[in-house]
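Here is my_file.txt, consisting of compact mmCIF, C-alpha atoms:
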```txt
# COMPACT_ATOMS: atom_id res chain seq x y z
CA MET G 28 29.24 -14.84 -26.40
CA VAL G 29 25.75 -14.11 -27.73
CA SER G 30 24.53 -15.22 -31.15
CA LEU G 31 21.14 -14.69 -32.76
CA ARG G 32 19.61 -18.10 -33.42
CA SER G 33 16.08 -17.51 -34.65
CA ILE G 34 13.51 -14.82 -35.45
CA VAL G 35 9.83 -15.62 -35.02
CA ASP G 36 6.92 -13.57 -36.38
CA SER G 37 3.38 -14.58 -37.31
CA SER G 38 3.69 -12.45 -40.46
CA PRO G 39 5.62 -14.03 -43.35
CA ALA G 40 6.02 -10.56 -44.87
CA ALA G 41 7.71 -9.30 -41.70
CA LEU G 42 10.02 -12.30 -41.71
CA GLU G 43 10.96 -11.60 -45.31
CA ARG G 44 11.90 -8.02 -44.38
CA CYS G 45 14.07 -9.40 -41.58
CA ARG G 46 15.69 -11.89 -43.93
CA LYS G 47 16.67 -9.10 -46.33
CA LYS G 48 18.12 -7.04 -43.49
CA VAL G 49 19.73 -9.71 -41.29
CA GLY G 50 20.57 -12.43 -43.79
CA PRO G 51 20.46 -16.24 -43.46
CA LEU G 52 18.95 -17.34 -40.15
CA ASP G 53 16.29 -19.64 -38.71
CA TYR G 54 12.99 -17.86 -39.51
CA ARG G 55 9.72 -19.23 -38.10
CA THR G 56 6.07 -18.26 -37.84
CA ASP G 57 5.47 -20.24 -34.62
CA TYR G 58 7.54 -20.09 -31.43
CA GLN G 59 6.27 -23.39 -30.00
CA SER G 60 8.94 -25.51 -31.67
CA LEU G 61 11.67 -23.43 -30.01
CA LEU G 62 10.52 -24.38 -26.49
CA SER G 63 12.30 -27.73 -26.71
CA ASP G 64 15.42 -26.45 -28.49
CA PRO G 65 18.32 -27.49 -26.19
CA ASP G 66 20.70 -24.99 -27.77
CA LEU G 67 18.44 -22.00 -27.08
CA SER G 68 19.13 -20.36 -23.72
CA ALA G 69 17.28 -17.03 -23.92
CA VAL G 70 14.58 -15.18 -25.84
CA HIS G 71 13.59 -11.54 -26.36
CA VAL G 72 9.81 -11.13 -26.46
CA CYS G 73 8.77 -8.15 -28.63
CA THR G 74 5.14 -9.06 -29.31
CA PRO G 75 1.74 -7.38 -28.72
CA ASN G 76 1.20 -6.60 -25.03
CA SER G 77 -1.66 -9.06 -24.73
CA THR G 78 0.65 -11.97 -25.62
CA HIS G 79 3.53 -11.19 -23.24
CA PHE G 80 2.36 -13.44 -20.41
CA GLU G 81 1.52 -16.45 -22.58
CA ILE G 82 4.80 -16.41 -24.49
CA ALA G 83 7.10 -15.48 -21.60
CA SER G 84 5.60 -18.06 -19.24
CA ALA G 85 5.96 -20.80 -21.86
CA PHE G 86 9.67 -20.11 -22.33
CA ILE G 87 10.31 -19.76 -18.59
CA ARG G 88 8.68 -23.15 -17.96
CA ALA G 89 10.94 -24.52 -20.70
CA GLY G 90 13.98 -23.29 -18.76
CA LYS G 91 14.81 -20.31 -20.98
CA SER G 92 15.76 -16.84 -19.71
CA VAL G 93 13.46 -14.12 -21.00
CA LEU G 94 13.68 -10.41 -21.74
CA VAL G 95 10.14 -9.03 -22.16
CA GLU G 96 9.39 -5.63 -23.65
CA LYS G 97 7.32 -3.30 -21.49
CA PRO G 98 4.84 -3.73 -20.00
CA LEU G 99 5.84 -7.08 -18.53
CA ALA G 100 2.16 -8.14 -18.59
CA LEU G 101 -1.28 -6.56 -18.67
CA SER G 102 -2.17 -7.29 -15.03
CA PRO G 103 -0.24 -7.41 -11.75
CA ARG G 104 -1.40 -10.99 -11.22
CA GLU G 105 0.25 -12.11 -14.46
CA ALA G 106 3.35 -9.97 -13.90
CA TYR G 107 4.10 -11.31 -10.42
CA GLU G 108 3.35 -14.84 -11.61
CA LEU G 109 6.12 -14.44 -14.19
CA VAL G 110 8.48 -13.29 -11.42
CA GLU G 111 7.61 -16.35 -9.31
CA LEU G 112 7.94 -18.68 -12.29
CA ALA G 113 11.40 -17.32 -13.14
CA ARG G 114 12.58 -17.89 -9.56
CA ALA G 115 11.10 -21.38 -9.46
CA HIS G 116 12.82 -22.35 -12.72
CA ARG G 117 16.05 -20.48 -11.83
CA VAL G 118 16.17 -18.40 -15.01
CA VAL G 119 16.69 -14.70 -15.63
CA LEU G 120 13.62 -12.54 -16.19
CA SER G 121 14.23 -8.98 -17.39
CA THR G 122 11.86 -6.23 -18.49
CA GLY G 123 12.59 -3.96 -21.46
CA HIS G 124 12.87 -0.77 -19.43
CA SER G 125 15.74 0.34 -21.64
CA HIS G 126 16.19 3.79 -20.13
CA ARG G 127 17.83 2.22 -17.09
CA PHE G 128 20.81 2.03 -19.46
CA ASN G 129 20.48 5.64 -20.60
CA ASN G 130 23.71 7.52 -19.91
CA GLY G 131 21.82 10.80 -19.65
CA LEU G 132 19.62 9.37 -16.90
CA ARG G 133 22.68 8.04 -15.10
CA ALA G 134 24.28 11.48 -15.28
CA LEU G 135 21.09 13.11 -14.02
CA LYS G 136 20.89 10.68 -11.11
CA SER G 137 24.41 11.66 -10.08
CA THR G 138 23.29 15.30 -9.71
CA LEU G 139 21.04 14.37 -6.79
CA GLU G 140 24.10 14.19 -4.55
CA PRO G 141 23.84 16.46 -1.47
CA THR G 142 26.68 18.63 -2.79
CA ILE G 143 24.95 19.29 -6.14
CA LEU G 144 21.14 19.40 -6.30
CA GLY G 145 20.31 17.61 -3.08
CA GLU G 146 16.86 16.27 -2.27
CA PRO G 147 14.34 16.45 -5.16
CA HIS G 148 11.09 18.31 -4.42
CA TYR G 149 9.13 17.29 -7.51
CA LEU G 150 9.57 15.79 -10.97
CA GLY G 151 7.92 16.52 -14.31
CA LEU G 152 7.91 13.96 -17.13
CA GLU G 153 6.62 14.55 -20.67
CA TRP G 154 6.37 11.56 -23.01
CA THR G 155 4.55 12.73 -26.11
CA GLY G 156 4.36 12.36 -29.89
CA ILE G 157 1.89 11.77 -32.69
CA SER G 158 0.62 8.28 -33.60
CA PRO G 159 -2.23 7.05 -35.82
CA PRO G 160 -5.55 6.26 -34.10
CA GLN G 161 -5.43 2.81 -32.51
CA ASP G 162 -8.21 0.22 -32.26
CA GLN G 163 -6.35 -1.54 -29.46
CA GLY G 164 -4.07 -0.32 -26.70
CA ASN G 165 -4.08 2.97 -24.86
CA VAL G 166 -1.61 5.67 -23.95
CA ILE G 167 -1.39 4.63 -20.28
CA THR G 168 -0.36 1.05 -21.05
CA ASP G 169 1.80 1.95 -24.05
CA LEU G 170 3.74 5.01 -22.80
CA ALA G 171 3.39 5.38 -19.02
CA PRO G 172 5.57 2.33 -18.18
CA HIS G 173 8.64 4.33 -19.21
CA THR G 174 7.76 7.23 -16.91
CA PHE G 175 7.02 5.09 -13.85
CA ASP G 176 10.26 3.15 -14.32
CA ILE G 177 12.38 6.23 -14.95
CA THR G 178 11.08 7.86 -11.78
CA ASN G 179 11.94 4.76 -9.77
CA CYS G 180 15.36 4.48 -11.42
CA LEU G 181 16.11 8.08 -10.54
CA THR G 182 14.84 8.12 -6.95
CA GLY G 183 14.71 4.48 -5.84
CA LEU G 184 11.08 5.06 -4.77
CA TRP G 185 7.67 3.73 -5.77
CA PRO G 186 4.56 5.93 -5.43
CA ASP G 187 2.28 5.68 -2.44
CA LYS G 188 -0.73 7.22 -4.24
CA ILE G 189 -1.61 7.75 -7.90
CA SER G 190 -4.28 9.86 -9.56
CA CYS G 191 -5.04 9.95 -13.27
CA VAL G 192 -7.14 11.90 -15.76
CA ALA G 193 -7.22 10.70 -19.38
CA ARG G 194 -9.17 11.28 -22.59
CA GLY G 195 -9.56 9.81 -26.06
CA TYR G 196 -10.44 12.22 -28.87
CA ARG G 197 -10.04 10.55 -32.26
CA ASN G 198 -11.06 7.19 -30.82
CA ARG G 199 -13.08 7.68 -27.66
CA GLU G 200 -12.75 4.00 -26.75
CA ASN G 201 -9.01 4.36 -26.10
CA GLU G 202 -7.23 7.00 -24.02
CA GLU G 203 -4.86 9.10 -26.16
CA VAL G 204 -3.64 11.57 -23.53
CA ALA G 205 -3.23 11.09 -19.78
CA PHE G 206 -2.11 13.26 -16.88
CA ILE G 207 -0.88 11.21 -13.94
CA THR G 208 0.16 12.45 -10.49
CA CYS G 209 2.32 10.25 -8.27
CA GLU G 210 2.68 11.01 -4.57
CA TYR G 211 5.39 9.49 -2.40
CA GLU G 212 5.68 8.99 1.35
CA SER G 213 8.84 11.12 1.32
CA GLY G 214 6.84 14.13 0.11
CA LEU G 215 8.12 13.85 -3.46
CA CYS G 216 5.59 14.45 -6.21
CA ALA G 217 5.84 13.46 -9.89
CA GLU G 218 3.65 14.94 -12.64
CA ILE G 219 3.45 12.82 -15.79
CA GLU G 220 2.02 13.70 -19.21
CA VAL G 221 1.73 10.99 -21.87
CA SER G 222 0.17 11.66 -25.26
CA VAL G 223 -0.10 10.27 -28.78
CA LEU G 224 -1.78 13.48 -30.01
CA ASP G 225 1.06 15.97 -29.66
CA LEU G 226 3.00 16.86 -32.83
CA ARG G 227 6.03 17.58 -30.66
CA GLN G 228 7.95 14.43 -29.85
CA ARG G 229 9.18 14.88 -26.32
CA ARG G 230 11.00 12.63 -23.90
CA ASP G 231 11.71 15.17 -21.20
CA LEU G 232 12.43 14.85 -17.50
CA ARG G 233 12.60 17.84 -15.15
CA ILE G 234 13.78 17.87 -11.54
CA VAL G 235 13.20 20.72 -9.10
CA ALA G 236 15.40 20.14 -6.06
CA GLU G 237 16.53 21.97 -2.94
CA LYS G 238 19.66 23.43 -4.56
CA GLY G 239 18.60 23.91 -8.16
CA ASN G 240 16.92 22.43 -11.21
CA ALA G 241 17.92 19.88 -13.83
CA ASN G 242 16.45 18.89 -17.19
CA LEU G 243 17.13 15.82 -19.29
CA ASP G 244 16.15 15.42 -22.93
CA LEU G 245 16.16 11.63 -23.31
CA LEU G 246 16.19 11.92 -27.11
CA ASP G 247 19.54 13.67 -27.42
CA GLN G 248 21.00 12.76 -24.00
CA LYS G 249 21.46 16.40 -23.01
CA VAL G 250 21.51 17.14 -19.30
CA VAL G 251 21.05 20.79 -18.38
CA LEU G 252 21.77 21.89 -14.81
CA GLN G 253 20.62 25.25 -13.55
CA HIS G 254 23.57 25.10 -11.25
CA GLU G 255 27.28 25.73 -11.48
CA HIS G 256 27.89 22.71 -13.78
CA GLY G 257 26.29 24.12 -16.95
CA VAL G 258 25.38 21.82 -19.88
CA VAL G 259 26.49 18.22 -20.36
CA LYS G 260 25.82 16.03 -23.43
CA ILE G 261 26.56 12.32 -23.24
CA PRO G 262 26.29 9.74 -26.08
CA SER G 263 24.69 6.35 -25.48
CA ASN G 264 23.79 3.05 -27.13
CA ILE G 265 20.92 2.03 -24.90
CA LEU G 266 19.65 -1.13 -26.61
CA ARG G 267 23.11 -2.63 -27.01
CA GLU G 268 23.85 -2.08 -23.32
CA GLU G 269 20.50 -3.61 -22.34
CA ILE G 270 21.14 -6.80 -24.34
CA GLU G 271 24.73 -7.06 -23.10
CA HIS G 272 23.55 -6.70 -19.50
CA PHE G 273 20.89 -9.40 -20.04
CA ALA G 274 23.55 -11.76 -21.43
CA LYS G 275 25.89 -11.14 -18.48
CA CYS G 276 23.06 -11.90 -16.04
CA ILE G 277 22.40 -15.20 -17.84
CA ASP G 278 26.09 -16.15 -17.71
CA ARG G 279 26.39 -15.44 -13.99
CA ASN G 280 23.11 -17.22 -13.27
CA ARG G 281 24.31 -20.30 -15.18
CA LEU G 282 27.46 -20.32 -13.05
CA SER G 283 25.40 -19.89 -9.85
CA GLN G 284 27.16 -16.60 -9.19
CA THR G 285 25.58 -13.65 -7.42
CA PHE G 286 24.48 -10.93 -9.85
CA SER G 287 22.46 -7.74 -9.92
CA ASN G 288 19.82 -7.50 -12.65
CA ASP G 289 19.33 -3.79 -13.31
CA ASN G 290 15.97 -4.34 -15.06
CA ASP G 291 14.76 -7.34 -13.11
CA GLY G 292 11.27 -8.70 -13.75
CA LEU G 293 10.17 -7.56 -10.28
CA LEU G 294 10.72 -3.95 -11.37
CA GLY G 295 8.55 -4.63 -14.39
CA ALA G 296 5.85 -6.16 -12.17
CA HIS G 297 5.87 -3.09 -9.91
CA VAL G 298 5.44 -0.89 -12.99
CA VAL G 299 2.39 -2.96 -13.99
CA THR G 300 0.98 -2.35 -10.49
CA CYS G 301 1.39 1.41 -11.07
CA LEU G 302 -0.39 1.10 -14.42
CA GLU G 303 -3.30 -0.68 -12.77
CA ALA G 304 -3.49 2.00 -10.07
CA ALA G 305 -3.63 4.73 -12.74
CA ARG G 306 -6.44 2.95 -14.54
CA GLU G 307 -8.29 2.42 -11.27
CA SER G 308 -7.96 6.11 -10.47
CA LEU G 309 -9.29 6.98 -13.91
CA SER G 310 -12.28 4.69 -13.42
CA GLU G 311 -13.03 5.73 -9.82
CA GLU G 312 -12.28 9.44 -10.42
CA HIS G 313 -10.13 9.80 -7.31
CA SER G 314 -6.59 9.05 -6.17
CA VAL G 315 -5.85 5.47 -5.14
CA ARG G 316 -3.24 3.89 -2.92
CA VAL G 317 -0.71 1.68 -4.66
CA LYS G 318 -0.36 -1.78 -3.14
CA PHE G 319 2.84 -3.71 -3.77
CA PRO G 320 3.58 -7.22 -2.43
CA SER G 321 5.27 -6.84 0.95
CA LEU G 322 7.67 -9.79 0.60
CA PHE G 323 9.91 -10.79 -2.28
CA ASN G 324 9.11 -14.50 -2.06
CA GLU G 325 5.55 -14.52 -0.79
CA SER G 326 2.66 -16.11 -2.65
CA VAL G 327 1.21 -13.15 -4.52
CA VAL G 328 -2.56 -12.86 -4.79
CA MET G 329 -3.89 -9.71 -6.45
CA ASN G 330 -7.28 -8.73 -7.80
```

Can you present the structure in this file as structure tokens?
Amino acid sequence: MVSLRSIVDSSPAALERCRKKVGPLDYRTDYQSLLSDPDLSAVHVCTPNSTHFEIASAFIRAGKSVLVEKPLALSPREAYELVELARAHRVVLSTGHSHRFNNGLRALKSTLEPTILGEPHYLGLEWTGISPPQDQGNVITDLAPHTFDITNCLTGLWPDKISCVARGYRNRENEEVAFITCEYESGLCAEIEVSVLDLRQRRDLRIVAEKGNANLDLLDQKVVLQHEHGVVKIPSNILREEIEHFAKCIDRNRLSQTFSNDNDGLLGAHVVTCLEAARESLSEEHSVRVKFPSLFNESVVMN
């Protein structure tokens, strides 16, 4: 059984809004005092990206399981360090790649069976909308994690090479639109567009495969097959399923039982590696090879 114990926010005004919505609870402006709370077993970190590593590592060292919103950290070094810390302290580390619990994505993945669509040739992902100009953050770090993770969830593959072109228009210090190409050893190619400038809010995934095409609108869960199966629409409660899965992993880990963590921290760390490769490509103005750690338990050293 899972119960909400405390909500922490540095803004008293934000805590007051939570109090009005959630009701009586333990509200705090500092998380430090929770580190030694013996009754607290897990935390959900939903803080600015730059604080993910500091907060998550503190709770992991305190023996708490942690679910961290994407991206897991801002550098591969920090991300893989969190993975190693979680293993050393025998706690669960999950990343908030919530679309792994998206029923539409699960349905789309099932169409890649040899008898339906077969082998995918290329993918197209559009993750766009309109947001106010930002002084901090950028569209690659903020939006691209979803697209890299969704592609891996769908195909089971990580890119071999990445190239990226990006621009900032309202604030030239921060990228507001990016076009990212992922190439895979299998021959698969994925074209990704992420934007905070587009008035059309899109969360679209397109597959072109050997036996037909498929499209998924991740906003309304509609899967459209250009194949004999027609149109399928499936409801989902993604966030609830993500939290329930996290809790089940914690229970099994506590009982020293074998379990499969569908959004394990290692997946989040690999996504951070893809983000770094995209930014390197943008800086160097050419495609770059993506380098992942070769062993699950090796000592990870990354620049």

By how many Å are atom CA of G:Glu268 and atom CA of G:Arg32 apart?
->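 So the two atoms, atom CA of G:Glu268 and atom CA of G:Arg32, lie 19.4 Å apart.
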
Counting all atoms listed in the file, the option among G:Leu42, G:Leu139, G:Val35, G:Val166 closest to G:Tyr58 = G:Val35

Sphere at (6.8, 15.9, -27.9), radius 9 Å, counting all atoms listed in the file: residues as a ChimeraX atom specification | /G:153-157,222-223,225-231

Can you pull out every residue within 8 Å of G:Ile265, counting only C-alpha atoms, but drop anything in the same chain fewer than 3 positions away, and send it as a VMD selection string?
-> chain G and resid 125 to 126 128 to 130 268 to 269

From the list G:Arg133, G:His71, G:His124, G:His148, which residue is nearest G:Leu181 when using only C-alpha atoms?
-> G:Arg133

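The space separating atom CA of G:Glu202 from atom CA of G:Trp185 comes to 23.8 Å.
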
Show which residues sit within 12 Å of stretch 281-287 of chain G, as a list in words. Count all atoms listed in the file, and ignore same-chain residues fewer than 6 positions away.
->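 Close residues of stretch 281-287 of chain G: Ser68, Ala69, Gly90, Lys91, Ser92, His116, Arg117, Val118, Val119, Leu120, Ser121, His272, Phe273, Ala274 and Lys275 of chain G.
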
Within 12 Å of G:Asn201, counting all atoms listed in the file, which residues show up once you throw out same-chain ones fewer than 3 positions away? Write them as a PyMOL selection string, please.
-> chain G and resi 160-169+193-198+204-205+222-223+306

Any idea what the distance is between atom CA of G:Gln59 and atom CA of G:Glu271?
-> 25.6 Å

Nearest candidate to G:Arg104 (options G:Ser38, G:Gly50, G:Phe80, G:Glu140; using all atoms listed in the file) =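 Closest to G:Arg104 of all the choices is G:Phe80.
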
Among listed residues G:Ala134, G:Val192, G:Val235, G:Ala113, nearest G:Pro147 (using all atoms listed in the file) =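 Of all the options, G:Val235 lies closest to G:Pro147.
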
Within 12 Å of (16.3, -26.1, -24.3), in the coordinates the file gives, what residues turn up when you count all atoms listed in the file, written out as a PyMOL selection string?
-> chain G and resi 59-70+85-92

Shell around G:Lys188 at 8 Å using only C-alpha atoms, local window under 6 positions removed, as a list in words | Cys209, Glu210, Tyr211, Ser314, Val315, Arg316 and Val317 of chain G

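Nearest to G:Leu252 of all the residues G:Ser190, G:Thr182, G:Thr138, G:Asn264 is G:Thr138, based on only C-alpha atoms.
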
Name the closest residue to G:Ala305 among the candidates G:Ser84, G:Ser158, G:Ser30, G:Thr208; distances are taken between atoms, counting all atoms listed in the file.
->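 Ranked by minimum distance to G:Ala305, first place goes to G:Thr208.
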
May I have the centre and edge lengths, in Å to one decimal, of an axis-aligned box around the listed atoms of stretch 189-197 of chain G with 8 Å added to every side, as JSON?
```
{"center_x": -6.0, "center_y": 10.0, "center_z": -20.1, "size_x": 24.8, "size_y": 20.5, "size_z": 40.4}
```

Using all atoms listed in the file, determine which residues lie at most 7 Å from stretch 238-245 of chain G, disregarding the query and same-chain residues fewer than 6 positions distant; provide the list as a list in words.
->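 Returned residues: Gly131, Ile143, Leu144, Gly145, Arg230, Asp231, Leu232, Val251, Leu252, Gln253 and His254 of chain G.
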